[in-house]
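Novice: Shown below is the structure under consideration.
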Number of protein chains: 2
Amino acid sequence: MNKKAMYQLTYGLFVLTSRIGVKDHGCIINTAGQVTSSPNRISIAVNKDNLTHDVIMASRKFNLSILSEKADFEIFRHFGFQSGRTTDKFADYPFCRRSENGLFYLTEGTNAYISASVEQTIDLGSHTLFIAAVEDMDVLSAVPSATYAYYQSNIKPKPEKKAPSGKTTWRCTVCGYTYEGEELPADFVCPICKHPASDFEKVTDM
Amino acid sequence: MNKKAMYQLTYGLFVLTSRIGVKDHGCIINTAGQVTSSPNRISIAVNKDNLTHDVIMASRKFNLSILSEKADFEIFRHFGFQSGRTTDKFADYPFCRRSENGLFYLTEGTNAYISASVEQTIDLGSHTLFIAAVEDMDVLSAVPSATYAYYQSNIKPKPEKKAPSGKTTWRCTVCGYTYEGEELPADFVCPICKHPASDFEKVTDM
């Protein structure tokens with residue numbers, strides 16, 4: 001069993017947005033795809049730790065903004081590495097517009113958006129899989145979509161390879177967060193991007 | 001509503017295989033992704049018109065061979081454009097090996113395979129969404145995974161742009177099949193690759 005086989009699965013990258021009451025929410029996801037074309041439905045898998053998950057559970061609607069190769073790391077930092085529990089991600093965020101369903105979609109670093117209504121939710125433990133009917137969509141740019149592989153090679157800042165002298169650290173390969181310590185607990189979850197211990201690599205001082 | 005927004009979703013490409021009785025089956029799919037990492041589960045959406053769909057419904061297990069940029073069009077023709085109802089796709093097919101679960105995976109044009117057991121099926125009308133536990137996997141090559149966009153630009157043969165003189169035809173943008181006639185019926189389904197009328201483009205003689 002070589003767990004690196006999972007890295008060969010191809011993913012796009014998306015800002016998932018929804019709204020409840022007067023507040024808008026958004027997070028980064030990489031699991032979205034069409035599941036039927038007639039009727040046109042998509043599925044998204046969302047980590048329950050994301051506040052946007054709970055908002056969609058309640059509002060039953062979302063926008064999926066498709067990130068393009070022009071997306072910069074700031075979008076990932078803004079929507080992926082902080083929580084709506086402690087900040088309002090859309091307060092003064094200028095690169096967005098409301099679609100007909102009243103939700104925001106992103107206008108910069110994106111090439112399309114899809115508005116969808118939740119039809120079905122499947123509880124998968126750590127995540128909920130949402131099956132949703134596509135209700136509206138538009139193309140925003142002809143720039144190719146960013147794949148997760150493209151993000152890793154071209155968008156994510158290159159980390160320093162060396163740990164501070166004499167210390168062992170573990171680096172999250174998804175967002176770059178570093179954990180200091182000889183051993184990373186097996187049940188460790190990245191506090192920034194919520195990825196598990198298996199996504200960390202050991203960085204030792206050489 | 002600009003339906004071309006759907007084309008911006010990123011997909012990988014896979015040969016999905018299973019086995020029932022003494023016969024092995026396989027088809028091409030483009031909808032597979034990890035849905036939870038702990039436990040490690042993937043989802044696949046499979047068109048019910050594919051015989052492999054029925055085989056997995058019965059066998060409850062499958063292999064997903066991840067196609068790489070080295071996959072040639074012959075793999076798509078072999079597994080995607082003919083049916084196991086009229087041919088045995090694995091009779092004399094040399095580029096495969098059995099994994100521990102007894103199913104075939106492809107050894108050429110692939111960069112990894114994943115063996116999975118079905119935990120849950122969700123009926124979506126034209127397709128079934130399978131949620132499956134990953135039981136084994138291996139990396140086969142370091143060649144990048146083929147995206148659907150890569151397939152369109154680099155693997156699929158370029159079609160002739162002109163229709164035969166005086167005739168209007170409709171070409172399936174997925175596999176290249178052409179339908180002859182002024183109007184394509186709205187409920188038309190490509191007999192080769194099962195994609196709907198919305199995936200056809202009109203080709204007129206100029």
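By convention here, the chains of the structure tokens are called A, B, ... in the order presented, each chain's residues are numbered starting at 1, and ligands are numbered starting at 1 in the order presented.
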If the cut-off is 6 Å, can you tell me the residues of chain B near chain A, counting only C-alpha atoms? I'd like them as number ranges by chain.

Specialist: B: 1-2, 5, 10, 12, 35, 45, 112, 136-139

Novice: When you look at Gln82 (chain B) with a cut-off of 12 Å (counting only C-alpha atoms), what residues show up, excluding the ones that are within fewer than 2 positions of it in the same chain? I need them as a VMD selection string.

Specialist: chain B and resid 25 to 28 49 to 52 74 to 80 84 to 89 175 190 to 194

Novice: Print the selection's residues with N, CA, C and O atoms to a file, as an mmCIF file, in the first residue's frame.

Specialist:
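Everything below was put into part_13.cif:
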data_model
loop_
_atom_site.group_PDB
_atom_site.id
_atom_site.type_symbol
_atom_site.label_atom_id
_atom_site.label_comp_id
_atom_site.auth_asym_id
_atom_site.auth_seq_id
_atom_site.Cartn_x
_atom_site.Cartn_y
_atom_site.Cartn_z
ATOM 1 N N HIS B 25 -14.571 -6.490 -16.387
ATOM 2 C CA HIS B 25 -15.221 -5.385 -17.091
ATOM 3 C C HIS B 25 -14.489 -4.089 -16.783
ATOM 4 O O HIS B 25 -13.863 -3.963 -15.735
ATOM 5 N N GLY B 26 -14.624 -3.132 -17.690
ATOM 6 C CA GLY B 26 -13.988 -1.843 -17.445
ATOM 7 C C GLY B 26 -14.615 -0.756 -18.280
ATOM 8 O O GLY B 26 -15.163 -1.018 -19.357
ATOM 9 N N CYS B 27 -14.575 0.463 -17.782
ATOM 10 C CA CYS B 27 -15.068 1.606 -18.553
ATOM 11 C C CYS B 27 -14.278 2.841 -18.142
ATOM 12 O O CYS B 27 -13.518 2.815 -17.180
ATOM 13 N N ILE B 28 -14.467 3.916 -18.901
ATOM 14 C CA ILE B 28 -13.790 5.183 -18.597
ATOM 15 C C ILE B 28 -14.730 6.056 -17.763
ATOM 16 O O ILE B 28 -15.904 6.193 -18.104
ATOM 17 N N ASP B 49 -25.840 3.273 -17.801
ATOM 18 C CA ASP B 49 -25.780 2.598 -19.099
ATOM 19 C C ASP B 49 -24.517 1.750 -19.246
ATOM 20 O O ASP B 49 -24.441 0.906 -20.136
ATOM 21 N N ASN B 50 -23.512 2.009 -18.412
ATOM 22 C CA ASN B 50 -22.288 1.216 -18.487
ATOM 23 C C ASN B 50 -22.500 -0.127 -17.797
ATOM 24 O O ASN B 50 -22.950 -0.177 -16.650
ATOM 25 N N LEU B 51 -22.107 -1.198 -18.480
ATOM 26 C CA LEU B 51 -22.231 -2.525 -17.875
ATOM 27 C C LEU B 51 -21.398 -2.615 -16.591
ATOM 28 O O LEU B 51 -21.792 -3.269 -15.624
ATOM 29 N N THR B 52 -20.257 -1.916 -16.575
ATOM 30 C CA THR B 52 -19.410 -1.929 -15.372
ATOM 31 C C THR B 52 -20.193 -1.430 -14.151
ATOM 32 O O THR B 52 -19.941 -1.867 -13.029
ATOM 33 N N GLU B 74 -6.014 5.061 -27.826
ATOM 34 C CA GLU B 74 -6.456 3.670 -27.931
ATOM 35 C C GLU B 74 -7.085 3.177 -26.620
ATOM 36 O O GLU B 74 -8.044 2.405 -26.635
ATOM 37 N N ILE B 75 -6.566 3.625 -25.482
ATOM 38 C CA ILE B 75 -7.161 3.235 -24.189
ATOM 39 C C ILE B 75 -8.600 3.744 -24.091
ATOM 40 O O ILE B 75 -9.498 3.041 -23.634
ATOM 41 N N PHE B 76 -8.814 4.986 -24.553
ATOM 42 C CA PHE B 76 -10.161 5.564 -24.498
ATOM 43 C C PHE B 76 -11.098 4.841 -25.459
ATOM 44 O O PHE B 76 -12.248 4.578 -25.149
ATOM 45 N N ARG B 77 -10.559 4.510 -26.636
ATOM 46 C CA ARG B 77 -11.366 3.795 -27.616
ATOM 47 C C ARG B 77 -11.718 2.400 -27.064
ATOM 48 O O ARG B 77 -12.865 1.972 -27.118
ATOM 49 N N HIS B 78 -10.713 1.744 -26.501
ATOM 50 C CA HIS B 78 -10.898 0.363 -26.043
ATOM 51 C C HIS B 78 -11.880 0.276 -24.871
ATOM 52 O O HIS B 78 -12.788 -0.550 -24.865
ATOM 53 N N PHE B 79 -11.695 1.138 -23.872
ATOM 54 C CA PHE B 79 -12.533 1.033 -22.671
ATOM 55 C C PHE B 79 -13.749 1.952 -22.689
ATOM 56 O O PHE B 79 -14.708 1.720 -21.964
ATOM 57 N N GLY B 80 -13.695 3.005 -23.537
ATOM 58 C CA GLY B 80 -14.787 3.974 -23.492
ATOM 59 C C GLY B 80 -15.780 3.873 -24.630
ATOM 60 O O GLY B 80 -16.944 4.211 -24.457
ATOM 61 N N GLY B 84 -19.036 -3.787 -22.918
ATOM 62 C CA GLY B 84 -18.803 -5.158 -22.480
ATOM 63 C C GLY B 84 -19.968 -6.084 -22.808
ATOM 64 O O GLY B 84 -19.858 -7.298 -22.674
ATOM 65 N N ARG B 85 -21.095 -5.500 -23.241
ATOM 66 C CA ARG B 85 -22.234 -6.335 -23.641
ATOM 67 C C ARG B 85 -21.953 -7.039 -24.963
ATOM 68 O O ARG B 85 -22.529 -8.072 -25.260
ATOM 69 N N THR B 86 -21.082 -6.434 -25.789
ATOM 70 C CA THR B 86 -20.830 -7.016 -27.110
ATOM 71 C C THR B 86 -19.375 -7.435 -27.304
ATOM 72 O O THR B 86 -19.029 -8.001 -28.333
ATOM 73 N N THR B 87 -18.523 -7.130 -26.339
ATOM 74 C CA THR B 87 -17.123 -7.530 -26.488
ATOM 75 C C THR B 87 -16.537 -7.829 -25.109
ATOM 76 O O THR B 87 -17.064 -7.380 -24.097
ATOM 77 N N ASP B 88 -15.466 -8.601 -25.081
ATOM 78 C CA ASP B 88 -14.759 -8.853 -23.826
ATOM 79 C C ASP B 88 -13.519 -7.970 -23.837
ATOM 80 O O ASP B 88 -12.531 -8.268 -24.500
ATOM 81 N N LYS B 89 -13.579 -6.856 -23.099
ATOM 82 C CA LYS B 89 -12.506 -5.860 -23.188
ATOM 83 C C LYS B 89 -11.160 -6.379 -22.680
ATOM 84 O O LYS B 89 -10.118 -5.824 -23.003
ATOM 85 N N CYS B 175 -16.150 12.405 -27.736
ATOM 86 C CA CYS B 175 -15.501 11.271 -28.404
ATOM 87 C C CYS B 175 -15.354 11.457 -29.903
ATOM 88 O O CYS B 175 -14.645 10.695 -30.553
ATOM 89 N N CYS B 190 -25.148 10.261 -26.969
ATOM 90 C CA CYS B 190 -24.112 9.710 -27.845
ATOM 91 C C CYS B 190 -24.071 8.187 -27.693
ATOM 92 O O CYS B 190 -23.901 7.679 -26.585
ATOM 93 N N PRO B 191 -24.230 7.449 -28.806
ATOM 94 C CA PRO B 191 -24.244 5.985 -28.701
ATOM 95 C C PRO B 191 -22.871 5.422 -28.331
ATOM 96 O O PRO B 191 -22.761 4.289 -27.893
ATOM 97 N N ILE B 192 -21.835 6.227 -28.517
ATOM 98 C CA ILE B 192 -20.475 5.754 -28.242
ATOM 99 C C ILE B 192 -20.097 6.013 -26.787
ATOM 100 O O ILE B 192 -19.717 5.110 -26.056
ATOM 101 N N CYS B 193 -20.212 7.280 -26.353
ATOM 102 C CA CYS B 193 -19.681 7.609 -25.025
ATOM 103 C C CYS B 193 -20.759 8.031 -24.038
ATOM 104 O O CYS B 193 -20.440 8.390 -22.908
ATOM 105 N N LYS B 194 -22.032 8.000 -24.477
ATOM 106 C CA LYS B 194 -23.172 8.227 -23.578
ATOM 107 C C LYS B 194 -23.330 9.671 -23.110
ATOM 108 O O LYS B 194 -24.066 9.936 -22.172
#

Novice: Which residues in region 7-159 of chain B does DSSP call strand (DSSP E or B)? List them as a ChimeraX atom specification.

Specialist: /B:12,14-20,23-29,32-37,40-47,61-68,96-98,104-106,110-123,127-139,145,147

Novice: What parts of region 2-159 of chain A does DSSP call helix (DSSP H, G or I)? I'd like the answer as an MDAnalysis selection string.

Specialist: chainID A and resid 3:8 51:59 73:80 148:155

Novice: Suppose you want the space between CA of Thr121 (chain B) and CA of Val189 (chain A); what is it in Å?

Specialist: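 Going from CA of Thr121 (chain B) over to CA of Val189 (chain A) covers 28.8 Å.
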
Novice: Of the candidates A:Leu64, A:Ala186, A:Leu103, A:Ile155, which one gets nearest to Asp199 (chain A) if we count only C-alpha atoms?

Specialist: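 Nearest to Asp199 (chain A): A:Ala186.
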